[in-house]
Amino acid sequence: MTVTKDTKIFDILQESRETAPFFLEMGMHCLGCPSARNETLGQACAVHGVNADELAEKINNFLKQKA
């Protein structure tokens with residue numbers, strides 16, 4: 001999986017639940033609610049003032065290390 005700012009949070013968490021801390025660190029504490037899980041990475045980052053491209057890169061690097 002390659003994460004982009006258009007990837008849904010749900011899909012990222014389905015790929016690896018271990019990515020949850022990335023979202024918690026940016027202040028997204030409602031990962032289990034349906035609306036949050038259906039947001040794209042870009043949408044969530046916009047709400048929380050985080051650079052979506054940088055976060056996508058961090059998550060992609062984490063997922064590559066796991067592979």
# chains A, B, ... in the order shown; residues from 1 in each chain; ligands from 1
$ select_by_dssp --residues "chain A" --states "helix (DSSP H, G or I)" --output "number ranges by chain"
A: 9-15, 17-25, 34-37, 41-48, 52-66
$ residues_around --residues "A:Val50" --least-positions-apart "3" --cutoff "12 Å" --atoms "only C-alpha atoms" --output "PDB file with N, CA and C atoms, in the first residue's frame"
ATOM      1  N   LYS A   5      -2.433  11.639   0.225  1.00  0.00           N
ATOM      2  CA  LYS A   5      -3.389  12.464   0.960  1.00  0.00           C
ATOM      3  C   LYS A   5      -4.831  12.104   0.596  1.00  0.00           C
ATOM      4  N   PHE A  22       0.242   7.694  14.666  1.00  0.00           N
ATOM      5  CA  PHE A  22       0.466   8.831  13.776  1.00  0.00           C
ATOM      6  C   PHE A  22      -0.721   9.791  13.831  1.00  0.00           C
ATOM      7  N   PHE A  23      -1.914   9.225  13.920  1.00  0.00           N
ATOM      8  CA  PHE A  23      -3.123  10.049  13.971  1.00  0.00           C
ATOM      9  C   PHE A  23      -3.343  10.632  15.363  1.00  0.00           C
ATOM     10  N   GLU A  25      -1.054  11.401  17.497  1.00  0.00           N
ATOM     11  CA  GLU A  25      -0.068  12.463  17.703  1.00  0.00           C
ATOM     12  C   GLU A  25      -0.509  13.793  17.104  1.00  0.00           C
ATOM     13  N   MET A  26      -1.311  13.753  16.047  1.00  0.00           N
ATOM     14  CA  MET A  26      -1.766  15.004  15.433  1.00  0.00           C
ATOM     15  C   MET A  26      -3.058  15.501  16.043  1.00  0.00           C
ATOM     16  N   GLY A  27      -3.540  14.807  17.082  1.00  0.00           N
ATOM     17  CA  GLY A  27      -4.739  15.252  17.781  1.00  0.00           C
ATOM     18  C   GLY A  27      -6.016  14.609  17.299  1.00  0.00           C
ATOM     19  N   MET A  28      -5.904  13.611  16.448  1.00  0.00           N
ATOM     20  CA  MET A  28      -7.092  12.915  15.943  1.00  0.00           C
ATOM     21  C   MET A  28      -7.370  11.734  16.865  1.00  0.00           C
ATOM     22  N   LEU A  41      -6.745  11.177   4.363  1.00  0.00           N
ATOM     23  CA  LEU A  41      -5.613  11.701   5.121  1.00  0.00           C
ATOM     24  C   LEU A  41      -5.520  13.217   4.948  1.00  0.00           C
ATOM     25  N   GLY A  42      -5.738  13.686   3.733  1.00  0.00           N
ATOM     26  CA  GLY A  42      -5.683  15.116   3.459  1.00  0.00           C
ATOM     27  C   GLY A  42      -6.735  15.902   4.223  1.00  0.00           C
ATOM     28  N   GLN A  43      -7.948  15.369   4.288  1.00  0.00           N
ATOM     29  CA  GLN A  43      -9.021  16.048   5.021  1.00  0.00           C
ATOM     30  C   GLN A  43      -8.688  16.129   6.510  1.00  0.00           C
ATOM     31  N   ALA A  44      -8.238  15.024   7.072  1.00  0.00           N
ATOM     32  CA  ALA A  44      -7.902  14.995   8.500  1.00  0.00           C
ATOM     33  C   ALA A  44      -6.759  15.952   8.802  1.00  0.00           C
ATOM     34  N   CYS A  45      -5.763  15.975   7.945  1.00  0.00           N
ATOM     35  CA  CYS A  45      -4.624  16.866   8.167  1.00  0.00           C
ATOM     36  C   CYS A  45      -5.044  18.331   8.081  1.00  0.00           C
ATOM     37  N   ALA A  46      -5.940  18.652   7.161  1.00  0.00           N
ATOM     38  CA  ALA A  46      -6.403  20.029   7.026  1.00  0.00           C
ATOM     39  C   ALA A  46      -7.105  20.496   8.301  1.00  0.00           C
ATOM     40  N   VAL A  47      -7.908  19.629   8.888  1.00  0.00           N
ATOM     41  CA  VAL A  47      -8.637  19.969  10.113  1.00  0.00           C
ATOM     42  C   VAL A  47      -7.678  20.148  11.287  1.00  0.00           C
ATOM     43  N   ASP A  53       1.282  15.740   3.035  1.00  0.00           N
ATOM     44  CA  ASP A  53       2.349  15.065   2.290  1.00  0.00           C
ATOM     45  C   ASP A  53       3.429  14.533   3.229  1.00  0.00           C
ATOM     46  N   GLU A  54       3.766  15.335   4.249  1.00  0.00           N
ATOM     47  CA  GLU A  54       4.775  14.886   5.213  1.00  0.00           C
ATOM     48  C   GLU A  54       4.281  13.684   6.013  1.00  0.00           C
ATOM     49  N   LEU A  55       3.015  13.718   6.431  1.00  0.00           N
ATOM     50  CA  LEU A  55       2.475  12.598   7.190  1.00  0.00           C
ATOM     51  C   LEU A  55       2.383  11.346   6.324  1.00  0.00           C
ATOM     52  N   ALA A  56       1.974  11.499   5.077  1.00  0.00           N
ATOM     53  CA  ALA A  56       1.920  10.355   4.164  1.00  0.00           C
ATOM     54  C   ALA A  56       3.305   9.730   4.009  1.00  0.00           C
TER      55      ALA A  56
END
$ closest_residue --among "A:His29, A:Asn51, A:Glu15, A:Pro34" --to "A:Val3" --atoms "only C-alpha atoms"
A:Glu15
$ closest_residue --among "A:Gly49, A:Ser16, A:Thr40, A:Leu63" --to "A:Thr4" --atoms "only C-alpha atoms"
A:Thr40
$ atom_distance --atom1 "atom CA of A:Ala67" --atom2 "atom CA of A:Ser35"
29.0 Å
$ closest_residue --among "A:Glu39, A:Asp6, A:Asp11, A:Glu18" --to "A:Phe62" --atoms "only C-alpha atoms"
A:Glu18
$ closest_residue --among "A:Ile9, A:Arg17, A:Thr2, A:Lys66" --to "A:Arg37" --atoms "only C-alpha atoms"
A:Ile9
$ closest_residue --among "A:Thr19, A:Cys30, A:Thr7, A:Gln14" --to "A:Ile59" --atoms "only C-alpha atoms"
A:Thr19
$ closest_residue --among "A:Lys8, A:Met1, A:Gln65, A:Asn60" --to "A:Ala36" --atoms "only C-alpha atoms"
A:Lys8
$ decode --residues "stretch 12-29 of chain A" --atoms "N, CA, C and O atoms" --output "PDB file, in the first residue's frame"
ATOM      1  N   ILE A  12      -5.932   3.001   5.768  1.00  0.00           N
ATOM      2  CA  ILE A  12      -4.599   3.005   6.383  1.00  0.00           C
ATOM      3  C   ILE A  12      -4.617   2.140   7.640  1.00  0.00           C
ATOM      4  O   ILE A  12      -3.728   1.306   7.848  1.00  0.00           O
ATOM      5  N   LEU A  13      -5.645   2.308   8.466  1.00  0.00           N
ATOM      6  CA  LEU A  13      -5.745   1.524   9.697  1.00  0.00           C
ATOM      7  C   LEU A  13      -5.971   0.044   9.407  1.00  0.00           C
ATOM      8  O   LEU A  13      -5.489  -0.815  10.146  1.00  0.00           O
ATOM      9  N   GLN A  14      -6.691  -0.254   8.337  1.00  0.00           N
ATOM     10  CA  GLN A  14      -6.892  -1.659   7.949  1.00  0.00           C
ATOM     11  C   GLN A  14      -5.577  -2.300   7.528  1.00  0.00           C
ATOM     12  O   GLN A  14      -5.326  -3.467   7.806  1.00  0.00           O
ATOM     13  N   GLU A  15      -4.747  -1.532   6.853  1.00  0.00           N
ATOM     14  CA  GLU A  15      -3.433  -2.028   6.418  1.00  0.00           C
ATOM     15  C   GLU A  15      -2.553  -2.322   7.627  1.00  0.00           C
ATOM     16  O   GLU A  15      -1.872  -3.338   7.674  1.00  0.00           O
ATOM     17  N   SER A  16      -2.588  -1.412   8.603  1.00  0.00           N
ATOM     18  CA  SER A  16      -1.775  -1.599   9.806  1.00  0.00           C
ATOM     19  C   SER A  16      -2.363  -0.782  10.954  1.00  0.00           C
ATOM     20  O   SER A  16      -2.302   0.449  10.927  1.00  0.00           O
ATOM     21  N   ARG A  17      -2.898  -1.472  11.918  1.00  0.00           N
ATOM     22  CA  ARG A  17      -3.426  -0.799  13.120  1.00  0.00           C
ATOM     23  C   ARG A  17      -2.307  -0.050  13.850  1.00  0.00           C
ATOM     24  O   ARG A  17      -2.564   0.872  14.608  1.00  0.00           O
ATOM     25  N   GLU A  18      -1.077  -0.449  13.607  1.00  0.00           N
ATOM     26  CA  GLU A  18       0.067   0.192  14.249  1.00  0.00           C
ATOM     27  C   GLU A  18       0.298   1.621  13.764  1.00  0.00           C
ATOM     28  O   GLU A  18       1.154   2.318  14.289  1.00  0.00           O
ATOM     29  N   THR A  19      -0.476   2.067  12.761  1.00  0.00           N
ATOM     30  CA  THR A  19      -0.363   3.448  12.294  1.00  0.00           C
ATOM     31  C   THR A  19      -1.190   4.400  13.157  1.00  0.00           C
ATOM     32  O   THR A  19      -1.054   5.624  13.016  1.00  0.00           O
ATOM     33  N   ALA A  20      -2.009   3.881  14.041  1.00  0.00           N
ATOM     34  CA  ALA A  20      -2.868   4.726  14.882  1.00  0.00           C
ATOM     35  C   ALA A  20      -2.103   5.839  15.603  1.00  0.00           C
ATOM     36  O   ALA A  20      -2.596   6.976  15.660  1.00  0.00           O
ATOM     37  N   PRO A  21      -0.919   5.582  16.161  1.00  0.00           N
ATOM     38  CA  PRO A  21      -0.197   6.669  16.847  1.00  0.00           C
ATOM     39  C   PRO A  21       0.095   7.887  15.962  1.00  0.00           C
ATOM     40  O   PRO A  21       0.150   9.008  16.463  1.00  0.00           O
ATOM     41  N   PHE A  22       0.242   7.694  14.666  1.00  0.00           N
ATOM     42  CA  PHE A  22       0.466   8.831  13.776  1.00  0.00           C
ATOM     43  C   PHE A  22      -0.721   9.791  13.831  1.00  0.00           C
ATOM     44  O   PHE A  22      -0.553  11.000  13.790  1.00  0.00           O
ATOM     45  N   PHE A  23      -1.914   9.225  13.920  1.00  0.00           N
ATOM     46  CA  PHE A  23      -3.123  10.049  13.971  1.00  0.00           C
ATOM     47  C   PHE A  23      -3.343  10.632  15.363  1.00  0.00           C
ATOM     48  O   PHE A  23      -3.745  11.781  15.508  1.00  0.00           O
ATOM     49  N   LEU A  24      -3.065   9.840  16.363  1.00  0.00           N
ATOM     50  CA  LEU A  24      -3.222  10.316  17.740  1.00  0.00           C
ATOM     51  C   LEU A  24      -2.275  11.476  18.023  1.00  0.00           C
ATOM     52  O   LEU A  24      -2.648  12.449  18.681  1.00  0.00           O
ATOM     53  N   GLU A  25      -1.054  11.401  17.497  1.00  0.00           N
ATOM     54  CA  GLU A  25      -0.068  12.463  17.703  1.00  0.00           C
ATOM     55  C   GLU A  25      -0.509  13.793  17.104  1.00  0.00           C
ATOM     56  O   GLU A  25      -0.144  14.852  17.603  1.00  0.00           O
ATOM     57  N   MET A  26      -1.311  13.753  16.047  1.00  0.00           N
ATOM     58  CA  MET A  26      -1.766  15.004  15.433  1.00  0.00           C
ATOM     59  C   MET A  26      -3.058  15.501  16.043  1.00  0.00           C
ATOM     60  O   MET A  26      -3.615  16.495  15.604  1.00  0.00           O
ATOM     61  N   GLY A  27      -3.540  14.807  17.082  1.00  0.00           N
ATOM     62  CA  GLY A  27      -4.739  15.252  17.781  1.00  0.00           C
ATOM     63  C   GLY A  27      -6.016  14.609  17.299  1.00  0.00           C
ATOM     64  O   GLY A  27      -7.105  15.013  17.686  1.00  0.00           O
ATOM     65  N   MET A  28      -5.904  13.611  16.448  1.00  0.00           N
ATOM     66  CA  MET A  28      -7.092  12.915  15.943  1.00  0.00           C
ATOM     67  C   MET A  28      -7.370  11.734  16.865  1.00  0.00           C
ATOM     68  O   MET A  28      -6.879  10.633  16.651  1.00  0.00           O
ATOM     69  N   HIS A  29      -8.162  11.988  17.896  1.00  0.00           N
ATOM     70  CA  HIS A  29      -8.398  10.986  18.928  1.00  0.00           C
ATOM     71  C   HIS A  29      -9.667  10.168  18.719  1.00  0.00           C
ATOM     72  O   HIS A  29      -9.936   9.259  19.496  1.00  0.00           O
TER      73      HIS A  29
END
